[in-house]
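Peer 1: What follows is target_0.pdb, PDB, C-alpha atoms.
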```pdb
ATOM      1  CA  ASN X   1      68.753  -9.164 -35.757
ATOM      2  CA  ALA X   2      71.953 -11.203 -36.075
ATOM      3  CA  GLY X   3      72.317 -10.792 -39.857
ATOM      4  CA  VAL X   4      74.360 -13.668 -41.311
ATOM      5  CA  THR X   5      75.930 -16.196 -38.961
ATOM      6  CA  GLN X   6      78.300 -19.066 -39.736
ATOM      7  CA  THR X   7      79.307 -22.119 -37.743
ATOM      8  CA  PRO X   8      81.936 -23.203 -36.984
ATOM      9  CA  LYS X   9      84.417 -20.307 -36.963
ATOM     10  CA  PHE X  10      87.467 -22.559 -37.207
ATOM     11  CA  ARG X  11      88.000 -26.184 -38.158
ATOM     12  CA  VAL X  12      90.914 -28.481 -38.853
ATOM     13  CA  LEU X  13      90.257 -31.605 -40.931
ATOM     14  CA  LYS X  14      92.392 -34.458 -42.092
ATOM     15  CA  THR X  15      92.441 -35.368 -45.769
ATOM     16  CA  GLY X  16      89.419 -37.503 -46.611
ATOM     17  CA  GLN X  17      87.262 -36.358 -43.695
ATOM     18  CA  SER X  18      83.878 -34.777 -44.263
ATOM     19  CA  MET X  19      82.168 -31.802 -42.703
ATOM     20  CA  THR X  20      79.261 -29.406 -43.088
ATOM     21  CA  LEU X  21      79.390 -25.642 -42.729
ATOM     22  CA  LEU X  22      76.175 -23.987 -41.638
ATOM     23  CA  CYS X  23      75.013 -20.527 -42.675
ATOM     24  CA  ALA X  24      71.933 -18.850 -41.248
ATOM     25  CA  GLN X  25      70.325 -15.497 -42.055
ATOM     26  CA  ASP X  26      67.437 -13.736 -40.357
ATOM     27  CA  MET X  27      66.687 -11.111 -43.019
ATOM     28  CA  ASN X  28      64.252 -13.232 -45.052
ATOM     29  CA  HIS X  29      66.520 -13.007 -48.097
ATOM     30  CA  GLU X  30      65.877 -15.233 -51.089
ATOM     31  CA  TYR X  31      69.464 -15.272 -52.369
ATOM     32  CA  MET X  32      72.268 -16.995 -50.479
ATOM     33  CA  TYR X  33      75.870 -17.685 -51.457
ATOM     34  CA  TRP X  34      78.991 -19.603 -50.476
ATOM     35  CA  TYR X  35      82.381 -18.127 -51.381
ATOM     36  CA  ARG X  36      85.946 -19.095 -50.662
ATOM     37  CA  GLN X  37      88.714 -16.573 -50.242
ATOM     38  CA  ASP X  38      92.346 -17.443 -50.718
ATOM     39  CA  PRO X  39      95.309 -15.069 -50.339
ATOM     40  CA  GLY X  40      95.671 -12.893 -53.428
ATOM     41  CA  MET X  41      92.705 -14.514 -55.202
ATOM     42  CA  GLY X  42      89.728 -12.553 -53.973
ATOM     43  CA  LEU X  43      86.300 -14.098 -53.459
ATOM     44  CA  ARG X  44      85.319 -17.033 -55.641
ATOM     45  CA  LEU X  45      81.742 -18.274 -55.795
ATOM     46  CA  ILE X  46      81.297 -21.955 -54.934
ATOM     47  CA  HIS X  47      77.511 -22.413 -55.042
ATOM     48  CA  TYR X  48      74.509 -20.202 -54.647
ATOM     49  CA  SER X  49      70.749 -20.384 -54.157
ATOM     50  CA  VAL X  50      68.006 -18.141 -55.473
ATOM     51  CA  GLY X  51      65.387 -19.496 -53.082
ATOM     52  CA  GLU X  52      64.364 -22.310 -50.778
ATOM     53  CA  GLY X  53      64.898 -25.684 -52.407
ATOM     54  CA  THR X  54      67.123 -24.326 -55.211
ATOM     55  CA  THR X  55      70.876 -24.453 -55.715
ATOM     56  CA  ALA X  56      73.225 -23.595 -58.576
ATOM     57  CA  LYS X  57      76.929 -23.973 -59.316
ATOM     58  CA  GLY X  58      79.311 -21.052 -59.139
ATOM     59  CA  GLU X  59      82.883 -20.712 -60.401
ATOM     60  CA  VAL X  60      84.537 -23.416 -58.267
ATOM     61  CA  PRO X  61      81.899 -26.035 -57.305
ATOM     62  CA  ASP X  62      83.993 -29.211 -57.535
ATOM     63  CA  GLY X  63      84.397 -31.041 -54.233
ATOM     64  CA  TYR X  64      81.495 -29.226 -52.582
ATOM     65  CA  ASN X  65      77.763 -29.829 -52.231
ATOM     66  CA  VAL X  66      75.057 -27.561 -50.874
ATOM     67  CA  SER X  67      71.485 -27.716 -49.660
ATOM     68  CA  ARG X  68      68.828 -25.081 -49.011
ATOM     69  CA  LEU X  69      66.032 -26.986 -47.275
ATOM     70  CA  LYS X  70      64.911 -23.918 -45.337
ATOM     71  CA  LYS X  71      64.922 -20.343 -46.555
ATOM     72  CA  GLN X  72      67.042 -19.127 -43.681
ATOM     73  CA  ASN X  73      69.737 -21.825 -43.894
ATOM     74  CA  PHE X  74      72.316 -22.689 -46.536
ATOM     75  CA  LEU X  75      74.616 -25.649 -45.880
ATOM     76  CA  LEU X  76      77.965 -26.302 -47.533
ATOM     77  CA  GLY X  77      79.309 -29.847 -47.438
ATOM     78  CA  LEU X  78      82.729 -31.285 -48.085
ATOM     79  CA  GLU X  79      82.416 -35.018 -48.634
ATOM     80  CA  SER X  80      86.131 -35.849 -48.782
ATOM     81  CA  ALA X  81      88.313 -32.924 -47.786
ATOM     82  CA  ALA X  82      91.528 -32.189 -49.682
ATOM     83  CA  PRO X  83      94.418 -29.841 -48.778
ATOM     84  CA  SER X  84      93.395 -27.647 -51.745
ATOM     85  CA  GLN X  85      90.211 -26.839 -49.841
ATOM     86  CA  THR X  86      92.149 -25.063 -47.107
ATOM     87  CA  SER X  87      90.651 -21.588 -47.236
ATOM     88  CA  VAL X  88      88.407 -19.062 -45.566
ATOM     89  CA  TYR X  89      84.748 -19.656 -46.411
ATOM     90  CA  PHE X  90      82.214 -16.854 -46.418
ATOM     91  CA  CYS X  91      78.477 -17.139 -46.601
ATOM     92  CA  ALA X  92      76.360 -14.230 -47.813
ATOM     93  CA  SER X  93      72.718 -13.395 -48.329
ATOM     94  CA  ARG X  94      71.248 -10.730 -50.564
ATOM     95  CA  GLY X  95      68.242  -8.500 -50.543
ATOM     96  CA  PRO X  96      68.828  -5.082 -52.093
ATOM     97  CA  GLU X  97      72.309  -5.322 -50.549
ATOM     98  CA  GLN X  98      74.580  -8.272 -49.908
ATOM     99  CA  TYR X  99      75.558  -9.138 -46.355
ATOM    100  CA  PHE X 100      78.409 -11.449 -45.447
ATOM    101  CA  GLY X 101      78.971 -13.695 -42.462
ATOM    102  CA  PRO X 102      82.147 -13.576 -40.363
ATOM    103  CA  GLY X 103      83.781 -16.509 -42.138
ATOM    104  CA  THR X 104      84.939 -20.037 -41.360
ATOM    105  CA  ARG X 105      88.674 -20.701 -41.425
ATOM    106  CA  LEU X 106      89.200 -24.289 -42.604
ATOM    107  CA  THR X 107      92.527 -26.089 -42.642
ATOM    108  CA  VAL X 108      92.880 -29.508 -44.271
ATOM    109  CA  THR X 109      96.051 -31.383 -43.362
TER     110      THR X 109
ATOM    111  CA  GLU A   1      82.143 -14.033 -69.016
ATOM    112  CA  ASP A   2      82.005 -11.153 -66.542
ATOM    113  CA  GLN A   3      85.376  -9.781 -65.434
ATOM    114  CA  VAL A   4      86.474  -7.322 -62.771
ATOM    115  CA  THR A   5      89.997  -5.908 -62.449
ATOM    116  CA  GLN A   6      90.987  -3.705 -59.543
ATOM    117  CA  SER A   7      94.038  -1.445 -59.384
ATOM    118  CA  PRO A   8      96.336  -0.856 -57.733
ATOM    119  CA  GLU A   9      96.717  -4.076 -55.738
ATOM    120  CA  ALA A  10      98.048  -2.084 -52.794
ATOM    121  CA  LEU A  11      98.059   1.605 -51.962
ATOM    122  CA  ARG A  12      99.889   3.348 -49.148
ATOM    123  CA  LEU A  13      98.841   6.886 -48.252
ATOM    124  CA  GLN A  14      99.717   9.397 -45.618
ATOM    125  CA  GLU A  15      96.839  10.577 -43.471
ATOM    126  CA  GLY A  16      95.076  13.373 -45.342
ATOM    127  CA  GLU A  17      96.468  12.363 -48.755
ATOM    128  CA  SER A  18      93.487  11.891 -51.091
ATOM    129  CA  SER A  19      93.534   9.255 -53.826
ATOM    130  CA  SER A  20      91.361   6.934 -55.929
ATOM    131  CA  LEU A  21      90.934   3.195 -56.378
ATOM    132  CA  ASN A  22      89.972   1.825 -59.776
ATOM    133  CA  CYS A  23      87.612  -0.993 -60.741
ATOM    134  CA  SER A  24      87.477  -1.872 -64.444
ATOM    135  CA  TYR A  25      84.775  -4.261 -65.556
ATOM    136  CA  THR A  26      83.322  -6.107 -68.532
ATOM    137  CA  VAL A  27      79.824  -7.443 -68.166
ATOM    138  CA  SER A  28      77.000  -8.466 -70.463
ATOM    139  CA  GLY A  29      74.548  -5.821 -69.328
ATOM    140  CA  LEU A  30      75.276  -4.212 -65.966
ATOM    141  CA  ARG A  31      72.633  -4.795 -63.334
ATOM    142  CA  GLY A  32      74.716  -3.288 -60.535
ATOM    143  CA  LEU A  33      78.269  -2.529 -59.375
ATOM    144  CA  PHE A  34      79.067  -2.920 -55.708
ATOM    145  CA  TRP A  35      81.832  -1.710 -53.399
ATOM    146  CA  TYR A  36      82.719  -3.464 -50.156
ATOM    147  CA  ARG A  37      85.193  -2.883 -47.372
ATOM    148  CA  GLN A  38      86.932  -5.856 -45.758
ATOM    149  CA  ASP A  39      88.930  -5.671 -42.543
ATOM    150  CA  PRO A  40      91.459  -8.422 -41.734
ATOM    151  CA  GLY A  41      89.791 -11.569 -40.412
ATOM    152  CA  LYS A  42      86.278 -10.322 -41.149
ATOM    153  CA  GLY A  43      83.672 -10.663 -43.846
ATOM    154  CA  PRO A  44      83.188  -7.930 -46.470
ATOM    155  CA  GLU A  45      80.966  -5.023 -45.463
ATOM    156  CA  PHE A  46      78.690  -3.409 -48.025
ATOM    157  CA  LEU A  47      79.474   0.215 -48.957
ATOM    158  CA  PHE A  48      77.718   1.240 -52.189
ATOM    159  CA  THR A  49      75.644   0.070 -55.112
ATOM    160  CA  LEU A  50      75.835   1.905 -58.452
ATOM    161  CA  TYR A  51      73.404   1.086 -61.245
ATOM    162  CA  SER A  52      74.101   3.340 -64.219
ATOM    163  CA  ALA A  53      76.864   5.440 -65.765
ATOM    164  CA  GLY A  54      77.100   8.867 -64.233
ATOM    165  CA  GLU A  55      75.779   7.776 -60.857
ATOM    166  CA  GLU A  56      77.669   8.813 -57.711
ATOM    167  CA  LYS A  57      77.289   7.777 -54.071
ATOM    168  CA  GLU A  58      78.987   9.250 -51.006
ATOM    169  CA  LYS A  59      79.570   8.101 -47.464
ATOM    170  CA  GLU A  60      81.800  10.068 -45.112
ATOM    171  CA  ARG A  61      85.234  10.296 -46.811
ATOM    172  CA  LEU A  62      84.308   7.864 -49.604
ATOM    173  CA  LYS A  63      82.754   8.658 -52.955
ATOM    174  CA  ALA A  64      82.009   6.062 -55.617
ATOM    175  CA  THR A  65      81.498   6.937 -59.282
ATOM    176  CA  LEU A  66      80.575   4.863 -62.313
ATOM    177  CA  THR A  67      81.216   5.010 -66.055
ATOM    178  CA  LYS A  68      80.371   2.423 -68.712
ATOM    179  CA  LYS A  69      83.721   0.696 -68.264
ATOM    180  CA  GLU A  70      84.967   1.468 -64.761
ATOM    181  CA  SER A  71      84.214   2.675 -61.290
ATOM    182  CA  PHE A  72      86.315   4.764 -58.973
ATOM    183  CA  LEU A  73      86.328   4.870 -55.203
ATOM    184  CA  HIS A  74      87.637   8.275 -54.215
ATOM    185  CA  ILE A  75      88.995   8.662 -50.706
ATOM    186  CA  THR A  76      89.224  12.238 -49.469
ATOM    187  CA  ALA A  77      91.569  13.111 -46.593
ATOM    188  CA  PRO A  78      91.846   9.500 -45.423
ATOM    189  CA  LYS A  79      92.407   8.517 -41.807
ATOM    190  CA  PRO A  80      94.223   5.430 -40.464
ATOM    191  CA  GLU A  81      90.854   3.809 -39.732
ATOM    192  CA  ASP A  82      90.158   3.774 -43.469
ATOM    193  CA  SER A  83      92.882   1.133 -43.835
ATOM    194  CA  ALA A  84      91.252  -2.015 -45.241
ATOM    195  CA  THR A  85      90.853  -4.016 -48.426
ATOM    196  CA  TYR A  86      88.269  -2.563 -50.785
ATOM    197  CA  LEU A  87      86.446  -5.000 -53.055
ATOM    198  CA  CYS A  88      84.493  -4.281 -56.217
ATOM    199  CA  ALA A  89      81.882  -6.634 -57.703
ATOM    200  CA  VAL A  90      79.482  -6.620 -60.655
ATOM    201  CA  GLN A  91      76.171  -8.268 -61.321
ATOM    202  CA  SER A  92      74.929  -8.810 -64.850
ATOM    203  CA  ASN A  93      71.418  -8.685 -66.256
ATOM    204  CA  THR A  94      71.871 -12.168 -67.699
ATOM    205  CA  ASN A  95      72.461 -13.712 -64.278
ATOM    206  CA  ALA A  96      71.134 -11.556 -61.503
ATOM    207  CA  GLY A  97      71.727 -14.346 -59.018
ATOM    208  CA  LYS A  98      75.461 -13.982 -58.725
ATOM    209  CA  SER A  99      78.221 -11.388 -58.468
ATOM    210  CA  THR A 100      81.752 -11.436 -59.873
ATOM    211  CA  PHE A 101      84.383  -9.976 -57.548
ATOM    212  CA  GLY A 102      87.719  -8.330 -58.196
ATOM    213  CA  ASP A 103      90.775  -9.250 -56.156
ATOM    214  CA  GLY A 104      90.641  -6.029 -54.153
ATOM    215  CA  THR A 105      92.859  -3.073 -53.333
ATOM    216  CA  THR A 106      94.548  -3.082 -49.938
ATOM    217  CA  LEU A 107      94.709   0.457 -48.600
ATOM    218  CA  THR A 108      97.078   1.429 -45.806
ATOM    219  CA  VAL A 109      96.848   4.927 -44.336
ATOM    220  CA  LYS A 110      99.798   5.996 -42.189
ATOM    221  CA  PRO A 111      99.320   8.614 -39.468
TER     222      PRO A 111
END
```
As a first step, turn the structure in this file into structure tokens.
Peer 2:
Amino acid sequence: NAGVTQTPKFRVLKTGQSMTLLCAQDMNHEYMYWYRQDPGMGLRLIHYSVGEGTTAKGEVPDGYNVSRLKKQNFLLGLESAAPSQTSVYFCASRGPEQYFGPGTRLTVT
Amino acid sequence: EDQVTQSPEALRLQEGESSSLNCSYTVSGLRGLFWYRQDPGKGPEFLFTLYSAGEEKEKERLKATLTKKESFLHITAPKPEDSATYLCAVQSNTNAGKSTFGDGTTLTVKP
């Protein structure tokens, strides 16, 4: 039982490049989330999903897209990375309790 | 709009010096209030869920309480290993799909 896993752990992008962050959970949870965490700003919700095939916008969705084609996976895409997207990204899934992944540290230069 | 405010931003304690962290919230119908612990470079780790005013939960040196407007995380006789950032979040009845987080309280316990 790995819980919530995220790949990659670190990534450096140049402005304008694209990438996809992968989140996987093995707890059969319906709810999954993508957050970003910046120094002094806490966790901010980017997008979330309440089940396979569904997605919804959170607080800061601009510049990001998501897909939930399989229940256990939730993908976060950056189509054209900007320096403002430099952050630590956390994925989470929720049953009765919410479990977080270890994070992806993304730097956009 | 749901809001969560945590205070203080930072708290430094001596080992054994008990204290409390505050989480004030406004929400349109509370579904649940959550406490998490986050160590540097790691994802938040779930601690407690509180559902209604008057409820209390305990785990080792931590005790979480809830009123209609705020929650407290009491830390009794803390140890250096309790040093971490503690996050509070709320979930509303109107949107059970998402949580709103506070900015956290960073606790440092000196030996």
Peer 1: Give me, as a PyMOL selection string, all polymer residues having an atom no more than 8 Å from range 4-14 of chain X, counting only C-alpha atoms and skipping those fewer than 3 positions away in the same chain.
Peer 2: chain X and resi 17-18+21-26+81-82+91-93+99-109
Peer 1: What would the selection look like, as a ChimeraX atom specification, if the PyMOL selection byres ((chain X) within 10 of (chain A)) were run on the coordinates I just shared?
Peer 2: /X:30-33,37-45,47-50,56,58-59,88-92,94,96-105
Peer 1: As a list in words, please: the residues near Asn65 in chain X (cut-off 9 Å, only C-alpha atoms, same-chain neighbours under 6 positions excluded).
Peer 2: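 Near Asn65 in chain X, the qualifying residues are His47, Leu75, Leu76, Gly77, Leu78 and Glu79 of chain X.
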Peer 1: Excluding Arg12 in chain A and its own-chain neighbours fewer than 6 positions away, which residues fall within 12 Å of it when counting all atoms listed in the file? Please give them as a ChimeraX atom specification.
Peer 2: /A:18-21,78-80,82-85,105-111
Peer 1: What does the structure give for the distance between CA of Val4 in chain A and CA of Ser92 in chain A, in Å to one decimal?
Peer 2: 11.8 Å
Peer 1: Please check which residues have atoms at most 7 Å from (79.9, 5.2, -60.7) in the file's coordinates, counting all atoms listed in the file, and write them as JSON, numbers by chain.
Peer 2: {"A": [50, 53, 54, 55, 56, 64, 65, 66, 67, 71, 72]}
Peer 1: Using Å and a single decimal, report how far CA of Asn22 in chain A sits from CA of Leu73 in chain A.
Peer 2: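 That distance, rounded to one decimal, is 6.6 Å.
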Peer 1: Using the chain letters and numbers from the file, which residues does the PyMOL selection byres ((chain A and resi 29) around 9) grab, as a PyMOL selection string?
Peer 2: chain A and resi 26-28+30-31+91-94
Peer 1: How far is it from CA of Leu69 in chain X to CA of Gly3 in chain X, in Å with one decimal?
Peer 2: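 CA of Gly3 in chain X lies 18.9 Å from CA of Leu69 in chain X.
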Peer 1: Could you please give me, as a list in words, the residues of protein, DNA or RNA lying at most 8 Å from (67.3, -24.9, -51.4) in the coordinate frame of the file, considering all atoms listed in the file?
Peer 2: Ser49, Val50, Gly51, Glu52, Gly53, Thr54, Thr55, Ser67, Arg68, Leu69, Lys70, Lys71 and Phe74 of chain X
Peer 1: Could I get range 20-96 of chain A from the block written as a PDB file, in the first residue's frame, with C-alpha atoms?
Peer 2:
```
ATOM      1  CA  SER A  20      -2.018  26.303  21.938  1.00  0.00           C
ATOM      2  CA  LEU A  21      -2.363  27.051  18.239  1.00  0.00           C
ATOM      3  CA  ASN A  22      -5.474  28.807  16.976  1.00  0.00           C
ATOM      4  CA  CYS A  23      -7.522  28.267  13.821  1.00  0.00           C
ATOM      5  CA  SER A  24     -10.368  30.728  13.230  1.00  0.00           C
ATOM      6  CA  TYR A  25     -12.780  29.942  10.435  1.00  0.00           C
ATOM      7  CA  THR A  26     -15.850  31.162   8.574  1.00  0.00           C
ATOM      8  CA  VAL A  27     -17.723  28.622   6.526  1.00  0.00           C
ATOM      9  CA  SER A  28     -21.215  28.224   5.132  1.00  0.00           C
ATOM     10  CA  GLY A  29     -22.117  25.138   7.121  1.00  0.00           C
ATOM     11  CA  LEU A  30     -19.202  23.183   8.572  1.00  0.00           C
ATOM     12  CA  ARG A  31     -18.852  19.663   7.253  1.00  0.00           C
ATOM     13  CA  GLY A  32     -15.488  19.092   8.926  1.00  0.00           C
ATOM     14  CA  LEU A  33     -12.375  20.812  10.301  1.00  0.00           C
ATOM     15  CA  PHE A  34      -9.037  19.128   9.791  1.00  0.00           C
ATOM     16  CA  TRP A  35      -5.587  19.436  11.354  1.00  0.00           C
ATOM     17  CA  TYR A  36      -2.416  18.372   9.566  1.00  0.00           C
ATOM     18  CA  ARG A  37       1.256  18.291  10.417  1.00  0.00           C
ATOM     19  CA  GLN A  38       3.820  19.154   7.744  1.00  0.00           C
ATOM     20  CA  ASP A  39       7.542  18.527   8.078  1.00  0.00           C
ATOM     21  CA  PRO A  40       9.985  20.445   5.846  1.00  0.00           C
ATOM     22  CA  GLY A  41      10.149  19.016   2.330  1.00  0.00           C
ATOM     23  CA  LYS A  42       7.237  16.638   2.886  1.00  0.00           C
ATOM     24  CA  GLY A  43       3.531  16.516   2.235  1.00  0.00           C
ATOM     25  CA  PRO A  44       1.020  17.278   5.011  1.00  0.00           C
ATOM     26  CA  GLU A  45       0.149  14.389   7.313  1.00  0.00           C
ATOM     27  CA  PHE A  46      -3.385  14.019   8.625  1.00  0.00           C
ATOM     28  CA  LEU A  47      -3.855  14.445  12.395  1.00  0.00           C
ATOM     29  CA  PHE A  48      -7.523  15.012  13.294  1.00  0.00           C
ATOM     30  CA  THR A  49     -11.000  15.599  11.960  1.00  0.00           C
ATOM     31  CA  LEU A  50     -13.557  17.504  14.056  1.00  0.00           C
ATOM     32  CA  TYR A  51     -17.191  17.673  12.982  1.00  0.00           C
ATOM     33  CA  SER A  52     -19.174  19.630  15.560  1.00  0.00           C
ATOM     34  CA  ALA A  53     -18.729  22.226  18.298  1.00  0.00           C
ATOM     35  CA  GLY A  54     -17.658  20.707  21.567  1.00  0.00           C
ATOM     36  CA  GLU A  55     -15.854  17.790  19.964  1.00  0.00           C
ATOM     37  CA  GLU A  56     -12.315  16.950  21.112  1.00  0.00           C
ATOM     38  CA  LYS A  57      -9.708  14.548  19.733  1.00  0.00           C
ATOM     39  CA  GLU A  58      -6.386  13.529  21.273  1.00  0.00           C
ATOM     40  CA  LYS A  59      -3.227  11.923  19.989  1.00  0.00           C
ATOM     41  CA  GLU A  60      -0.143  11.651  22.178  1.00  0.00           C
ATOM     42  CA  ARG A  61       0.753  15.230  23.239  1.00  0.00           C
ATOM     43  CA  LEU A  62      -1.796  16.844  20.899  1.00  0.00           C
ATOM     44  CA  LYS A  63      -5.408  17.683  21.621  1.00  0.00           C
ATOM     45  CA  ALA A  64      -7.728  19.380  19.149  1.00  0.00           C
ATOM     46  CA  THR A  65     -10.915  21.175  20.190  1.00  0.00           C
ATOM     47  CA  LEU A  66     -13.669  22.869  18.218  1.00  0.00           C
ATOM     48  CA  THR A  67     -16.122  25.714  18.792  1.00  0.00           C
ATOM     49  CA  LYS A  68     -18.503  27.332  16.306  1.00  0.00           C
ATOM     50  CA  LYS A  69     -15.882  29.875  15.271  1.00  0.00           C
ATOM     51  CA  GLU A  70     -12.467  28.386  16.000  1.00  0.00           C
ATOM     52  CA  SER A  71     -10.391  25.351  16.748  1.00  0.00           C
ATOM     53  CA  PHE A  72      -7.425  24.982  19.031  1.00  0.00           C
ATOM     54  CA  LEU A  73      -4.550  22.550  18.837  1.00  0.00           C
ATOM     55  CA  HIS A  74      -3.202  22.176  22.348  1.00  0.00           C
ATOM     56  CA  ILE A  75       0.319  20.845  22.724  1.00  0.00           C
ATOM     57  CA  THR A  76       1.149  19.479  26.161  1.00  0.00           C
ATOM     58  CA  ALA A  77       4.787  19.183  27.263  1.00  0.00           C
ATOM     59  CA  PRO A  78       6.119  19.385  23.704  1.00  0.00           C
ATOM     60  CA  LYS A  79       9.308  17.681  22.572  1.00  0.00           C
ATOM     61  CA  PRO A  80      11.724  18.799  19.825  1.00  0.00           C
ATOM     62  CA  GLU A  81      10.234  16.178  17.496  1.00  0.00           C
ATOM     63  CA  ASP A  82       6.939  18.071  17.617  1.00  0.00           C
ATOM     64  CA  SER A  83       8.603  20.863  15.627  1.00  0.00           C
ATOM     65  CA  ALA A  84       6.712  21.216  12.334  1.00  0.00           C
ATOM     66  CA  THR A  85       4.172  23.381  10.554  1.00  0.00           C
ATOM     67  CA  TYR A  86       0.607  22.686  11.631  1.00  0.00           C
ATOM     68  CA  LEU A  87      -2.120  23.304   9.061  1.00  0.00           C
ATOM     69  CA  CYS A  88      -5.839  23.742   9.615  1.00  0.00           C
ATOM     70  CA  ALA A  89      -8.479  23.256   6.903  1.00  0.00           C
ATOM     71  CA  VAL A  90     -12.274  23.377   6.660  1.00  0.00           C
ATOM     72  CA  GLN A  91     -14.790  21.702   4.428  1.00  0.00           C
ATOM     73  CA  SER A  92     -18.241  23.163   3.926  1.00  0.00           C
ATOM     74  CA  ASN A  93     -21.579  21.449   3.442  1.00  0.00           C
ATOM     75  CA  THR A  94     -22.136  23.431   0.252  1.00  0.00           C
ATOM     76  CA  ASN A  95     -19.035  21.990  -1.407  1.00  0.00           C
ATOM     77  CA  ALA A  96     -17.928  18.782   0.204  1.00  0.00           C
TER      78      ALA A  96
END
```
